[in-house]
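Participant: Provided herewith: upload_11.pdb, PDB, C-alpha atoms, pLDDT in the B column.
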```
ATOM      1  CA  MET J 630      87.741  74.603 124.132  1.00 50.00           C
ATOM      2  CA  THR J 631      84.234  75.851 123.773  1.00 50.00           C
ATOM      3  CA  SER J 632      83.447  78.371 121.167  1.00 50.00           C
ATOM      4  CA  GLU J 633      80.506  80.616 121.443  1.00 51.00           C
ATOM      5  CA  PRO J 634      78.565  81.434 118.322  1.00 49.00           C
ATOM      6  CA  ALA J 635      79.581  84.667 116.725  1.00 49.00           C
ATOM      7  CA  GLU J 636      77.129  87.404 117.324  1.00 50.00           C
ATOM      8  CA  HIS J 637      75.318  88.185 114.078  1.00 46.00           C
ATOM      9  CA  THR J 638      74.913  91.833 113.413  1.00 45.00           C
ATOM     10  CA  PRO J 639      72.802  92.681 110.419  1.00 41.00           C
ATOM     11  CA  SER J 640      74.602  94.846 107.925  1.00 41.00           C
ATOM     12  CA  PRO J 641      72.979  98.172 107.280  1.00 46.00           C
ATOM     13  CA  ARG J 642      70.610  97.850 104.389  1.00 49.00           C
ATOM     14  CA  ALA J 643      72.173  99.246 101.275  1.00 50.00           C
ATOM     15  CA  ALA J 644      70.225 102.054  99.701  1.00 56.00           C
ATOM     16  CA  ALA J 645      68.250 100.821  96.724  1.00 80.00           C
ATOM     17  CA  PHE J 646      68.520 102.833  93.537  1.00 84.00           C
ATOM     18  CA  LEU J 647      66.834 102.617  90.196  1.00 90.00           C
ATOM     19  CA  SER J 648      68.580 103.891  87.083  1.00 94.00           C
ATOM     20  CA  LEU J 649      66.375 105.741  84.624  1.00 94.00           C
ATOM     21  CA  GLY J 650      67.087 106.620  81.028  1.00 96.00           C
ATOM     22  CA  VAL J 651      65.013 109.380  79.445  1.00 96.00           C
ATOM     23  CA  ILE J 652      64.872 109.738  75.664  1.00 96.00           C
ATOM     24  CA  VAL J 653      63.468 113.011  74.328  1.00 95.00           C
ATOM     25  CA  TRP J 654      62.626 112.415  70.686  1.00 93.00           C
ATOM     26  CA  SER J 655      62.038 116.001  69.561  1.00 90.00           C
ATOM     27  CA  ASP J 656      61.364 119.523  70.743  1.00 90.00           C
ATOM     28  CA  ASP J 657      57.646 118.980  70.024  1.00 91.00           C
ATOM     29  CA  PRO J 658      55.851 119.090  73.399  1.00 90.00           C
ATOM     30  CA  GLU J 659      53.205 116.726  71.992  1.00 93.00           C
ATOM     31  CA  VAL J 660      55.786 113.933  71.615  1.00 92.00           C
ATOM     32  CA  ASP J 661      56.158 112.102  74.910  1.00 93.00           C
ATOM     33  CA  PRO J 662      59.630 111.069  76.013  1.00 95.00           C
ATOM     34  CA  THR J 663      60.483 107.427  76.506  1.00 96.00           C
ATOM     35  CA  VAL J 664      61.540 106.404  80.013  1.00 96.00           C
ATOM     36  CA  ILE J 665      63.414 103.155  80.560  1.00 96.00           C
ATOM     37  CA  ALA J 666      64.317 101.814  84.005  1.00 95.00           C
ATOM     38  CA  ASP J 667      66.754  99.186  85.217  1.00 94.00           C
ATOM     39  CA  ARG J 668      68.625  98.521  88.432  1.00 91.00           C
ATOM     40  CA  ASN J 669      71.851  98.068  86.462  1.00 95.00           C
ATOM     41  CA  PRO J 670      73.107 101.311  84.843  1.00 96.00           C
ATOM     42  CA  VAL J 671      75.195  99.412  82.263  1.00 96.00           C
ATOM     43  CA  THR J 672      72.181  97.403  81.135  1.00 97.00           C
ATOM     44  CA  LEU J 673      70.132 100.600  81.074  1.00 97.00           C
ATOM     45  CA  ALA J 674      72.641 102.412  78.836  1.00 98.00           C
ATOM     46  CA  ARG J 675      72.545  99.503  76.380  1.00 98.00           C
ATOM     47  CA  SER J 676      68.720  99.517  76.421  1.00 98.00           C
ATOM     48  CA  VAL J 677      68.609 103.261  75.755  1.00 98.00           C
ATOM     49  CA  ALA J 678      71.116 102.951  72.906  1.00 98.00           C
ATOM     50  CA  LEU J 679      69.239  99.992  71.381  1.00 97.00           C
ATOM     51  CA  THR J 680      65.923 101.839  71.617  1.00 96.00           C
ATOM     52  CA  ILE J 681      67.354 104.889  69.862  1.00 96.00           C
ATOM     53  CA  HIS J 682      69.199 102.753  67.299  1.00 95.00           C
ATOM     54  CA  ASP J 683      66.019 100.829  66.455  1.00 93.00           C
ATOM     55  CA  MET J 684      64.039 104.047  66.067  1.00 92.00           C
ATOM     56  CA  LEU J 685      66.715 105.617  63.860  1.00 92.00           C
ATOM     57  CA  THR J 686      66.761 102.468  61.729  1.00 88.00           C
ATOM     58  CA  ASP J 687      62.957 102.315  61.408  1.00 83.00           C
ATOM     59  CA  ALA J 688      62.249 106.003  60.854  1.00 75.00           C
ATOM     60  CA  ASP J 689      64.226 108.933  59.551  1.00 71.00           C
ATOM     61  CA  LEU J 690      63.942 111.028  62.718  1.00 74.00           C
ATOM     62  CA  TYR J 691      66.352 113.690  61.550  1.00 79.00           C
ATOM     63  CA  ALA J 692      68.319 114.578  58.453  1.00 79.00           C
ATOM     64  CA  GLY J 693      71.320 112.292  58.319  1.00 82.00           C
ATOM     65  CA  ALA J 694      69.907 109.605  60.662  1.00 87.00           C
ATOM     66  CA  ALA J 695      70.402 106.828  58.113  1.00 86.00           C
ATOM     67  CA  GLU J 696      73.997 107.913  57.474  1.00 88.00           C
ATOM     68  CA  PHE J 697      74.659 108.128  61.193  1.00 90.00           C
ATOM     69  CA  VAL J 698      73.465 104.562  61.777  1.00 92.00           C
ATOM     70  CA  GLU J 699      75.465 103.263  58.796  1.00 92.00           C
ATOM     71  CA  THR J 700      78.757 104.921  59.790  1.00 93.00           C
ATOM     72  CA  LEU J 701      78.919 103.595  63.358  1.00 95.00           C
ATOM     73  CA  PRO J 702      79.259 100.027  64.624  1.00 95.00           C
ATOM     74  CA  PRO J 703      75.905  98.195  64.858  1.00 95.00           C
ATOM     75  CA  PRO J 704      74.599  96.879  68.209  1.00 97.00           C
ATOM     76  CA  GLU J 705      75.925  93.381  67.552  1.00 97.00           C
ATOM     77  CA  ASP J 706      79.434  94.892  67.591  1.00 97.00           C
ATOM     78  CA  TRP J 707      78.941  96.605  70.975  1.00 97.00           C
ATOM     79  CA  VAL J 708      80.994  94.245  73.122  1.00 97.00           C
ATOM     80  CA  TRP J 709      82.011  96.504  76.007  1.00 97.00           C
ATOM     81  CA  PRO J 710      80.086  99.180  77.907  1.00 97.00           C
ATOM     82  CA  GLU J 711      82.501 101.698  76.367  1.00 97.00           C
ATOM     83  CA  ASP J 712      81.229 100.710  72.907  1.00 97.00           C
ATOM     84  CA  VAL J 713      77.721 101.742  73.954  1.00 98.00           C
ATOM     85  CA  ASP J 714      79.058 104.943  75.540  1.00 97.00           C
ATOM     86  CA  ASP J 715      80.943 105.808  72.340  1.00 97.00           C
ATOM     87  CA  TRP J 716      77.825 105.264  70.222  1.00 97.00           C
ATOM     88  CA  LEU J 717      75.685 107.407  72.524  1.00 97.00           C
ATOM     89  CA  GLU J 718      78.311 110.165  72.623  1.00 97.00           C
ATOM     90  CA  ALA J 719      78.549 110.160  68.815  1.00 96.00           C
ATOM     91  CA  LEU J 720      74.758 110.569  68.716  1.00 95.00           C
ATOM     92  CA  ARG J 721      74.896 113.484  71.157  1.00 95.00           C
ATOM     93  CA  GLU J 722      77.540 115.189  69.002  1.00 94.00           C
ATOM     94  CA  SER J 723      75.657 114.656  65.741  1.00 92.00           C
ATOM     95  CA  THR J 724      72.169 115.941  66.577  1.00 89.00           C
ATOM     96  CA  PRO J 725      70.173 117.604  69.347  1.00 91.00           C
ATOM     97  CA  TYR J 726      67.387 114.982  69.012  1.00 91.00           C
ATOM     98  CA  PRO J 727      66.882 112.331  70.014  1.00 94.00           C
ATOM     99  CA  ALA J 728      68.439 113.433  73.281  1.00 95.00           C
ATOM    100  CA  TYR J 729      68.993 111.155  76.241  1.00 96.00           C
ATOM    101  CA  SER J 730      69.839 111.509  79.900  1.00 96.00           C
ATOM    102  CA  PHE J 731      70.446 109.123  82.782  1.00 96.00           C
ATOM    103  CA  HIS J 732      69.243 109.510  86.353  1.00 94.00           C
ATOM    104  CA  ARG J 733      69.752 107.564  89.567  1.00 92.00           C
ATOM    105  CA  VAL J 734      66.660 107.557  91.759  1.00 88.00           C
ATOM    106  CA  PRO J 735      66.474 106.169  95.292  1.00 83.00           C
ATOM    107  CA  VAL J 736      63.656 103.701  95.788  1.00 77.00           C
ATOM    108  CA  SER J 737      62.454 102.677  99.203  1.00 70.00           C
ATOM    109  CA  GLY J 738      59.266 102.369 101.159  1.00 62.00           C
ATOM    110  CA  GLY J 739      55.838 101.389  99.866  1.00 60.00           C
ATOM    111  CA  VAL J 740      54.556  97.859  99.485  1.00 61.00           C
ATOM    112  CA  ASP J 741      56.681  97.236  96.394  1.00 64.00           C
ATOM    113  CA  GLY J 742      59.717  99.021  97.816  1.00 61.00           C
ATOM    114  CA  THR J 743      59.222 102.182  95.787  1.00 62.00           C
ATOM    115  CA  ASN J 744      58.716 105.653  97.163  1.00 64.00           C
ATOM    116  CA  HIS J 745      56.421 106.697  94.323  1.00 69.00           C
ATOM    117  CA  THR J 746      56.150 110.314  95.450  1.00 74.00           C
ATOM    118  CA  ALA J 747      59.921 110.810  95.371  1.00 72.00           C
ATOM    119  CA  VAL J 748      60.306 108.983  92.054  1.00 71.00           C
ATOM    120  CA  THR J 749      57.506 110.990  90.433  1.00 74.00           C
ATOM    121  CA  ARG J 750      58.910 114.262  91.743  1.00 77.00           C
ATOM    122  CA  HIS J 751      62.397 113.342  90.549  1.00 75.00           C
ATOM    123  CA  LEU J 752      61.172 112.407  87.066  1.00 76.00           C
ATOM    124  CA  GLU J 753      59.216 115.648  86.753  1.00 77.00           C
ATOM    125  CA  ASP J 754      62.256 117.671  87.837  1.00 80.00           C
ATOM    126  CA  ALA J 755      64.585 115.726  85.532  1.00 78.00           C
ATOM    127  CA  LEU J 756      62.318 116.169  82.519  1.00 76.00           C
ATOM    128  CA  ARG J 757      61.839 119.867  83.265  1.00 79.00           C
ATOM    129  CA  ALA J 758      65.616 120.380  83.583  1.00 78.00           C
ATOM    130  CA  ARG J 759      66.267 118.452  80.363  1.00 75.00           C
ATOM    131  CA  GLU J 760      63.651 120.502  78.483  1.00 74.00           C
ATOM    132  CA  GLN J 761      65.270 123.680  79.766  1.00 77.00           C
ATOM    133  CA  ALA J 762      68.714 122.503  78.700  1.00 76.00           C
ATOM    134  CA  LEU J 763      67.471 121.624  75.225  1.00 75.00           C
ATOM    135  CA  THR J 764      65.307 124.690  74.598  1.00 74.00           C
ATOM    136  CA  GLY J 765      67.158 127.316  76.612  1.00 71.00           C
ATOM    137  CA  GLU J 766      63.892 128.328  78.283  1.00 66.00           C
ATOM    138  CA  PRO J 767      63.843 128.851  82.056  1.00 61.00           C
ATOM    139  CA  ALA J 768      62.405 125.909  83.973  1.00 53.00           C
ATOM    140  CA  GLU J 769      59.408 126.405  86.195  1.00 56.00           C
ATOM    141  CA  PRO J 770      60.168 125.555  89.819  1.00 52.00           C
ATOM    142  CA  SER J 771      58.866 122.246  91.113  1.00 47.00           C
ATOM    143  CA  ALA J 772      55.546 122.450  92.932  1.00 47.00           C
ATOM    144  CA  SER J 773      56.948 120.491  95.846  1.00 43.00           C
ATOM    145  CA  PRO J 774      60.545 120.484  97.079  1.00 41.00           C
ATOM    146  CA  PRO J 775      62.402 117.223  97.749  1.00 40.00           C
ATOM    147  CA  ALA J 776      61.851 115.717 101.175  1.00 38.00           C
ATOM    148  CA  ALA J 777      64.061 117.368 103.764  1.00 35.00           C
ATOM    149  CA  GLY J 778      67.247 115.486 104.392  1.00 36.00           C
ATOM    150  CA  ARG J 779      66.777 113.172 101.433  1.00 35.00           C
ATOM    151  CA  GLU J 780      68.802 113.697  98.313  1.00 37.00           C
ATOM    152  CA  LEU J 781      67.431 112.505  95.012  1.00 38.00           C
ATOM    153  CA  GLY J 782      70.349 111.229  92.939  1.00 41.00           C
ATOM    154  CA  ARG J 783      70.832 112.639  89.474  1.00 37.00           C
TER     155      ARG J 783
END
```
Please re-express this file's structure in structure tokens.
Facilitator:
Amino acid sequence: MTSEPAEHTPSPRAAAFLSLGVIVWSDDPEVDPTVIADRNPVTLARSVALTIHDMLTDADLYAGAAEFVETLPPPEDWVWPEDVDDWLEALRESTPYPAYSFHRVPVSGGVDGTNHTAVTRHLEDALRAREQALTGEPAEPSASPPAAGRELGR
């Protein structure tokens, strides 16, 4: 019995996404947000939480920051992703700043695999929407709409 080699069909390339975490430290427009990126959203959430935790520990960003940090489990006790989620949610409930948001951005094209135009546009739109949500001011429309037929994940 002769067997012929199985025909190899390449699987469709999975869409590549980058997870972004944006930390807005205050409502002061002079204070730049911190943007953290990772391909793994769980790792990103931990990085965002650690960044905020470290800043709250090093500086009294808002009234009650020291008490907040002392009343919740420290990073070394965050065993599960839910522990990080709980810490971040407690932060969101306790103060408007620092505020954080997560975004999923498609990345493809370009020499390094990144469509820089789409990523830049998405970041600008995400920051504008977050500022609007935090200040209640209407957001200015984006100068350029997303590419037709391509959805930018949020």
Participant: Counting all atoms listed in the file, which residue out of J:Asp706, J:Asp715, J:Glu699, J:Glu753 sits closest to J:Val664?
Facilitator: J:Glu753
Participant: Using all atoms listed in the file, which protein or nucleic acid residues come within 9 Å of J:Thr680? Drop anything in the same chain fewer than 5 positions from it, and give the result as a CSV table (one decimal) with C-alpha atoms, in the frame of the given file.
Facilitator:
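Contents of the output file selection-v4.csv:
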```csv
chain,number,residue,atom,x,y,z
J,652,ILE,CA,64.9,109.7,75.7
J,675,ARG,CA,72.5,99.5,76.4
J,685,LEU,CA,66.7,105.6,63.9
```
Participant: Convert the output of the PyMOL selection byres ((chain J and resi 650) around 7) on the shown file into explicit residues, formatted as a PDB file with C-alpha atoms, keeping the file's coordinate frame.
Facilitator:
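Saved to result-v4.pdb:
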```pdb
ATOM      1  CA  SER J 648      68.580 103.891  87.083  1.00 94.00           C
ATOM      2  CA  LEU J 649      66.375 105.741  84.624  1.00 94.00           C
ATOM      3  CA  VAL J 651      65.013 109.380  79.445  1.00 96.00           C
ATOM      4  CA  ILE J 652      64.872 109.738  75.664  1.00 96.00           C
ATOM      5  CA  VAL J 664      61.540 106.404  80.013  1.00 96.00           C
ATOM      6  CA  ILE J 665      63.414 103.155  80.560  1.00 96.00           C
ATOM      7  CA  ALA J 666      64.317 101.814  84.005  1.00 95.00           C
ATOM      8  CA  LEU J 673      70.132 100.600  81.074  1.00 97.00           C
ATOM      9  CA  VAL J 677      68.609 103.261  75.755  1.00 98.00           C
ATOM     10  CA  TYR J 729      68.993 111.155  76.241  1.00 96.00           C
ATOM     11  CA  SER J 730      69.839 111.509  79.900  1.00 96.00           C
ATOM     12  CA  PHE J 731      70.446 109.123  82.782  1.00 96.00           C
ATOM     13  CA  HIS J 732      69.243 109.510  86.353  1.00 94.00           C
TER      14      HIS J 732
END
```
Participant: Quote the spacing between atom CA of J:Trp709 and atom CA of J:Val671 in Å to one decimal place.
Facilitator: 9.7 Å
Participant: Could you tell me which of J:Gly765, J:Pro703, J:Pro662, J:Pro710 comes closest to J:Tyr726 if we count all atoms listed in the file?
Facilitator: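 Checking each candidate against J:Tyr726, we get J:Pro662 as the closest.
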Participant: Record the distance separating atom CA of J:Arg750 and atom CA of J:Pro727, expressed in Å with one decimal.
Facilitator: 23.2 Å
Participant: Counting all atoms listed in the file, which of J:Val748, J:Leu720, J:Leu763, J:Val708 gets nearest to J:Ser655?
Facilitator: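 Between J:Val748, J:Leu720, J:Leu763, J:Val708, the residue approaching J:Ser655 most closely is J:Leu763.
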Participant: For J:Ala674, which residue out of J:Glu722, J:Asp712, J:Asp657, J:Glu705 is the nearest one, using all atoms listed in the file?
Facilitator: J:Asp712
Participant: Please compute the atom CA of J:Ala758-atom CA of J:Leu690 distance, one decimal, in Å.
Facilitator: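 Result for atom CA of J:Ala758 versus atom CA of J:Leu690: 22.9 Å, one decimal.
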Participant: Nearest to J:Ala692 among J:Thr746, J:Thr764, J:Thr672, J:Ser723, with distances taken over all atoms listed in the file: which residue is it?
Facilitator: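 Smallest separation from J:Ala692 among the options: J:Ser723.
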Participant: Between J:Arg668, J:His682, J:His751, J:Arg759, single out the one closest to J:Pro725, counting all atoms listed in the file.
Facilitator: J:Arg759
